[in-house]
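Q: First, the structure itself, so that you have it in front of you.
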Amino acid sequence: KPYKRAGILARRFDMLSRTETIVLQGLKGRKVDIEADIAPGLPYFTVIGLGDTAVKEASERVKRAVINSGFQYPRGRVTVNLSPAYIHKKGSHYDLGIAIAILLASGELSEKLQDERNGRILIGELALDGRVLAVKGALPMLITAAESGNMKEILLPEENCAEASLVAARAGINLIPVKSLKEAACHIAGGNIGSYKGSFPLRTADLPDFADVKGHSAAKAAIAAAMAGAHSLLMVGAPGAGKTMLAKRAPGLLPPMSLEEQMEASAVYSAAGLLGEDMPIVMSRPFRQISAPVTKAQLLGGGNGPSPGEVSFAHKGVLFADEMLEMPVRTLESLREPMEERQVRLIRRGMVNVFPADFIFIGATNPCRCGFLGDPVHRCTCSQTEIEKYRSRLSGPLADRIDMCIEIQRADYGEMKGERTQSTCQLRRMVEAAGKIQDMRFEGREFSRNSRMNERDVEEFCQLKKDCRRFIGRLYDVFGISPRRYHKILKLARTLADMDGEDDIEEEHLASAFQYTRLLTGDRNKNYV
């Protein structure tokens, strides 16, 4: 035990100790060493290692938590170093590791086995009374620990254990739920408090059915093709025609998420602090809806951290942009990178933070500002100049990244009172059949859907017969199709052939694929670009 000599705190124990935790950069993490040094002198506590305000404020939280937990706080100079020092540290999850390091250095706590220290991660924020509080980003931290391959156990707030349990179980890591600093110290000293044994219900969201949408058979078929090949889609129609109803039902056509996809999507929500007892893990395909008020930071992510945005929350799901031409042009143009690269790079303080953004894009817009251009009943009040200005908000480069464009007409009275058209179950069977064909075609590759093919893959899997090559060549020359659009037409034709169960791409598939892009590539007098 500690004793005093000449008014200076002395110890029979080592005055330097080390614990480990995780620092996050986007969704990627790396281990951080927490070194605590106690030296003789006037009472002083400092945290070094390029930490933010939350990290620097740990000094007061840790001090009061240690005292209120019944431990003696050292009265010398306490220095805590977060190594490596060149990486910016953000968050309050370093508290638990700092407190344990101080207790070990001061001699208030001794580990049962010294060699266990290298295989233990400490994560948690401390309240002033010693309680261990939940933190953001627990799941990506666990994924980082699992990838390191030499982790034995992780001490984690009890509230975060549900989201981390699947990763810990797969990696063989002992997950220790702690409610207080005293519990954590007891476990380290040899009083095993037991690993996490909880469970959570694996429930999925109830999605609306396509059968509830009267009419729109052609639109439903187009959405099914988009979901089958993971193609982006733009719907153009008057207000109230049913664009939003159709878009909200699109995720129901996608296959269930694999465990890897669940982990990837859940990591994004964990980094934003959106996982909890009601949703410890993302089980269903995400559906995120954005509208005109959305900002660029909300869309892509931002902040000093930074935090993920809507494109990342839609990872492995659907991103729906309602009334997209009402959005600011800069916000619209910012969609180009995630739609092309399937990820977002945010640079903060010289560090690159990467968030995943592999989603299927669905956009909806009016044909003009008043919304009634081409409507057989309502009269359009926009001038030609206003119409062209409104359409020009969708630039050519962004339009080239959209695979399909369809017109949504208002259902007539006969359709509203008629029998229901295709249901989600019927459309899903078509999508699943096309998906199995693509899974076999791309077996062993990093992607599994037609829209993800690059130019070499298109040459290999989208070979055309002589008459088909002549047909697509005429379209290319007459309508001035760009090379990027040309490859998108071939990918879409490949999906349409898969949905028909055909091995070869026929001329009708090419014609249908071109028709789906007519509003984006065809006659400029009818073009919405």
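The chains in the structure tokens are called A, B, ... from first to last as shown; in each chain the residues are counted from 1, and the ligands are counted from 1 in the order shown.
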Within 7 Å of Lys152 of chain A, counting only C-alpha atoms, which residues show up once you throw out same-chain ones fewer than 4 positions away? Write them as a ChimeraX atom specification, please.

A: /A:119-120,173-174

Q: Wanna dump the segment 122-194 of chain A-segment 95-105 of chain A contacts at 8 Å for me, each residue with its shortest atom pair and the distance in Å to one decimal, counting only C-alpha atoms, ordered by chain and number, as a tab-separated table?

A:
residue	atom	partner	partner_atom	distance
A:Leu122	CA	A:Gly97	CA	5.1
A:Ile123	CA	A:Leu96	CA	6.1
A:Gly124	CA	A:Leu96	CA	5.2
A:Glu125	CA	A:Asp95	CA	5.1
A:Leu126	CA	A:Asp95	CA	5.8
A:Val132	CA	A:Leu96	CA	7.5
A:Leu181	CA	A:Leu96	CA	7.2
A:Ala185	CA	A:Ile100	CA	6.9

Q: Using DSSP on the backbone coordinates, identify all residues within segment 218-447 of chain A classified as strand (DSSP E or B); present the result as an MDAnalysis selection string.

A: chainID A and resid 233:237 287:290 301:302 307:308 318:321 343:348 351:356 360:365 404:408

Q: Please produce a file of the residues just selected, as a CSV table (one decimal), in the first residue's frame, where the atoms kept are N, CA and C atoms.

A:
chain,number,residue,atom,x,y,z
A,233,LEU,N,-32.3,4.9,-60.2
A,233,LEU,CA,-33.5,5.1,-60.9
A,233,LEU,C,-34.0,6.5,-60.6
A,234,LEU,N,-34.6,7.2,-61.6
A,234,LEU,CA,-35.2,8.5,-61.5
A,234,LEU,C,-36.6,8.4,-62.0
A,235,MET,N,-37.6,8.8,-61.1
A,235,MET,CA,-39.0,8.8,-61.5
A,235,MET,C,-39.4,10.3,-61.7
A,236,VAL,N,-40.1,10.5,-62.8
A,236,VAL,CA,-40.6,11.8,-63.2
A,236,VAL,C,-42.1,11.8,-63.3
A,237,GLY,N,-42.8,12.7,-62.5
A,237,GLY,CA,-44.2,12.6,-62.6
A,237,GLY,C,-44.8,13.8,-61.8
A,287,PHE,N,-33.7,2.2,-45.5
A,287,PHE,CA,-34.3,3.1,-46.5
A,287,PHE,C,-34.2,4.5,-45.9
A,288,ARG,N,-33.5,5.4,-46.5
A,288,ARG,CA,-33.3,6.8,-46.1
A,288,ARG,C,-33.9,7.7,-47.1
A,289,GLN,N,-34.7,8.6,-46.6
A,289,GLN,CA,-35.4,9.6,-47.5
A,289,GLN,C,-34.8,11.0,-47.2
A,290,ILE,N,-34.4,11.7,-48.3
A,290,ILE,CA,-34.0,13.1,-48.2
A,290,ILE,C,-34.8,13.9,-49.0
A,301,GLY,N,-22.1,13.8,-44.6
A,301,GLY,CA,-21.4,13.6,-43.3
A,301,GLY,C,-20.6,14.9,-43.0
A,302,GLY,N,-20.2,15.1,-41.8
A,302,GLY,CA,-19.4,16.3,-41.5
A,302,GLY,C,-19.2,16.4,-40.0
A,307,SER,N,-18.8,12.8,-38.5
A,307,SER,CA,-19.9,11.8,-38.4
A,307,SER,C,-20.4,11.4,-39.8
A,308,PRO,N,-21.0,10.2,-39.9
A,308,PRO,CA,-21.5,9.8,-41.2
A,308,PRO,C,-22.8,10.6,-41.6
A,318,VAL,N,-31.4,1.6,-49.7
A,318,VAL,CA,-31.9,2.5,-50.7
A,318,VAL,C,-31.9,3.9,-50.2
A,319,LEU,N,-31.4,4.8,-51.0
A,319,LEU,CA,-31.4,6.3,-50.7
A,319,LEU,C,-32.4,6.9,-51.6
A,320,PHE,N,-33.5,7.5,-51.1
A,320,PHE,CA,-34.6,8.1,-51.9
A,320,PHE,C,-34.5,9.6,-51.7
A,321,ALA,N,-34.3,10.3,-52.9
A,321,ALA,CA,-34.2,11.7,-52.9
A,321,ALA,C,-35.6,12.2,-53.5
A,343,GLN,N,-18.4,5.1,-51.7
A,343,GLN,CA,-17.9,5.5,-50.4
A,343,GLN,C,-17.7,7.0,-50.4
A,344,VAL,N,-17.5,7.6,-49.2
A,344,VAL,CA,-17.3,9.0,-49.0
A,344,VAL,C,-16.0,9.2,-48.3
A,345,ARG,N,-15.2,10.2,-48.8
A,345,ARG,CA,-14.0,10.5,-48.1
A,345,ARG,C,-14.1,12.0,-47.6
A,346,LEU,N,-13.9,12.1,-46.3
A,346,LEU,CA,-14.0,13.4,-45.6
A,346,LEU,C,-12.6,13.7,-45.0
A,347,ILE,N,-12.0,14.8,-45.3
A,347,ILE,CA,-10.7,15.1,-44.8
A,347,ILE,C,-10.9,16.1,-43.6
A,348,ARG,N,-10.4,15.8,-42.5
A,348,ARG,CA,-10.5,16.6,-41.3
A,348,ARG,C,-9.1,16.6,-40.6
A,351,MET,N,-6.4,14.3,-41.8
A,351,MET,CA,-6.7,12.8,-41.8
A,351,MET,C,-7.9,12.5,-42.7
A,352,VAL,N,-7.8,11.4,-43.4
A,352,VAL,CA,-8.8,11.0,-44.4
A,352,VAL,C,-9.8,10.0,-43.6
A,353,ASN,N,-11.0,10.4,-43.5
A,353,ASN,CA,-12.0,9.5,-42.9
A,353,ASN,C,-12.9,8.9,-44.0
A,354,VAL,N,-13.0,7.6,-44.1
A,354,VAL,CA,-13.8,7.0,-45.2
A,354,VAL,C,-15.0,6.3,-44.6
A,355,PHE,N,-16.2,6.6,-45.1
A,355,PHE,CA,-17.4,6.0,-44.8
A,355,PHE,C,-18.0,5.3,-46.0
A,356,PRO,N,-18.5,4.1,-45.8
A,356,PRO,CA,-19.1,3.3,-46.9
A,356,PRO,C,-20.4,4.0,-47.4
A,360,ILE,N,-28.5,1.9,-53.4
A,360,ILE,CA,-29.2,2.0,-54.6
A,360,ILE,C,-30.0,3.4,-54.6
A,361,PHE,N,-29.7,4.2,-55.5
A,361,PHE,CA,-30.3,5.5,-55.6
A,361,PHE,C,-31.6,5.5,-56.3
A,362,ILE,N,-32.6,6.1,-55.7
A,362,ILE,CA,-33.9,6.4,-56.3
A,362,ILE,C,-34.3,7.9,-56.2
A,363,GLY,N,-34.5,8.5,-57.3
A,363,GLY,CA,-34.8,9.9,-57.2
A,363,GLY,C,-36.2,10.2,-57.7
A,364,ALA,N,-36.9,11.2,-57.3
A,364,ALA,CA,-38.2,11.6,-57.7
A,364,ALA,C,-38.2,13.1,-58.0
A,365,THR,N,-38.9,13.5,-59.1
A,365,THR,CA,-38.9,14.9,-59.4
A,365,THR,C,-40.2,15.2,-60.2
A,404,MET,N,-31.6,4.5,-65.0
A,404,MET,CA,-32.9,4.4,-65.5
A,404,MET,C,-33.7,5.7,-65.2
A,405,CYS,N,-34.7,6.0,-66.1
A,405,CYS,CA,-35.6,7.1,-65.9
A,405,CYS,C,-36.9,6.7,-66.4
A,406,ILE,N,-38.0,6.8,-65.6
A,406,ILE,CA,-39.3,6.5,-66.0
A,406,ILE,C,-40.3,7.6,-65.7
A,407,GLU,N,-41.4,7.6,-66.4
A,407,GLU,CA,-42.4,8.6,-66.2
A,407,GLU,C,-43.6,7.9,-65.4
A,408,ILE,N,-44.0,8.6,-64.4
A,408,ILE,CA,-45.1,8.1,-63.5
A,408,ILE,C,-46.4,9.0,-63.9

Q: By how many Å are atom CA of Lys136 of chain A and atom CA of Ala272 of chain A apart?

A: 6.3 Å

Q: Given only C-alpha atoms as the basis, pick out the residue of A:Ser165, A:Leu254, A:Arg349, A:Asp212 nearest to Gly303 of chain A.

A: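 Answer, going by the shortest atom-to-atom distance: A:Arg349.
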
Q: Between A:Pro397, A:Tyr269, A:Glu310, A:Arg391, which one has atoms that come closest to Met324 of chain A, using only C-alpha atoms?

A: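 The shortest atom-to-atom distance to Met324 of chain A comes from A:Arg391.
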
Q: Mind pulling up the distance from atom CA of Arg484 of chain A to atom CA of Gln438 of chain A?

A: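 Separation between atom CA of Gln438 of chain A and atom CA of Arg484 of chain A: 21.4 Å.
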
Q: What lies within 8 Å of Gly49 of chain A using only C-alpha atoms, ignoring chain neighbours under 3 positions off, as an MDAnalysis selection string?

A: chainID A and resid 81:89

Q: Let's have the selection written as an mmCIF file, in the first residue's frame, with C-alpha atoms.

A:
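In the end it all went to result.cif:
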data_model
loop_
_atom_site.group_PDB
_atom_site.id
_atom_site.type_symbol
_atom_site.label_atom_id
_atom_site.label_comp_id
_atom_site.auth_asym_id
_atom_site.auth_seq_id
_atom_site.Cartn_x
_atom_site.Cartn_y
_atom_site.Cartn_z
ATOM 1 C CA ASN A 81 -0.253 9.905 -22.709
ATOM 2 C CA LEU A 82 -2.386 8.616 -25.602
ATOM 3 C CA SER A 83 -0.041 6.979 -28.079
ATOM 4 C CA PRO A 84 0.530 7.324 -31.023
ATOM 5 C CA ALA A 85 0.460 11.047 -30.401
ATOM 6 C CA TYR A 86 0.157 12.120 -34.049
ATOM 7 C CA ILE A 87 -3.406 10.758 -34.382
ATOM 8 C CA HIS A 88 -6.265 13.022 -33.331
ATOM 9 C CA LYS A 89 -8.331 11.490 -30.511
#
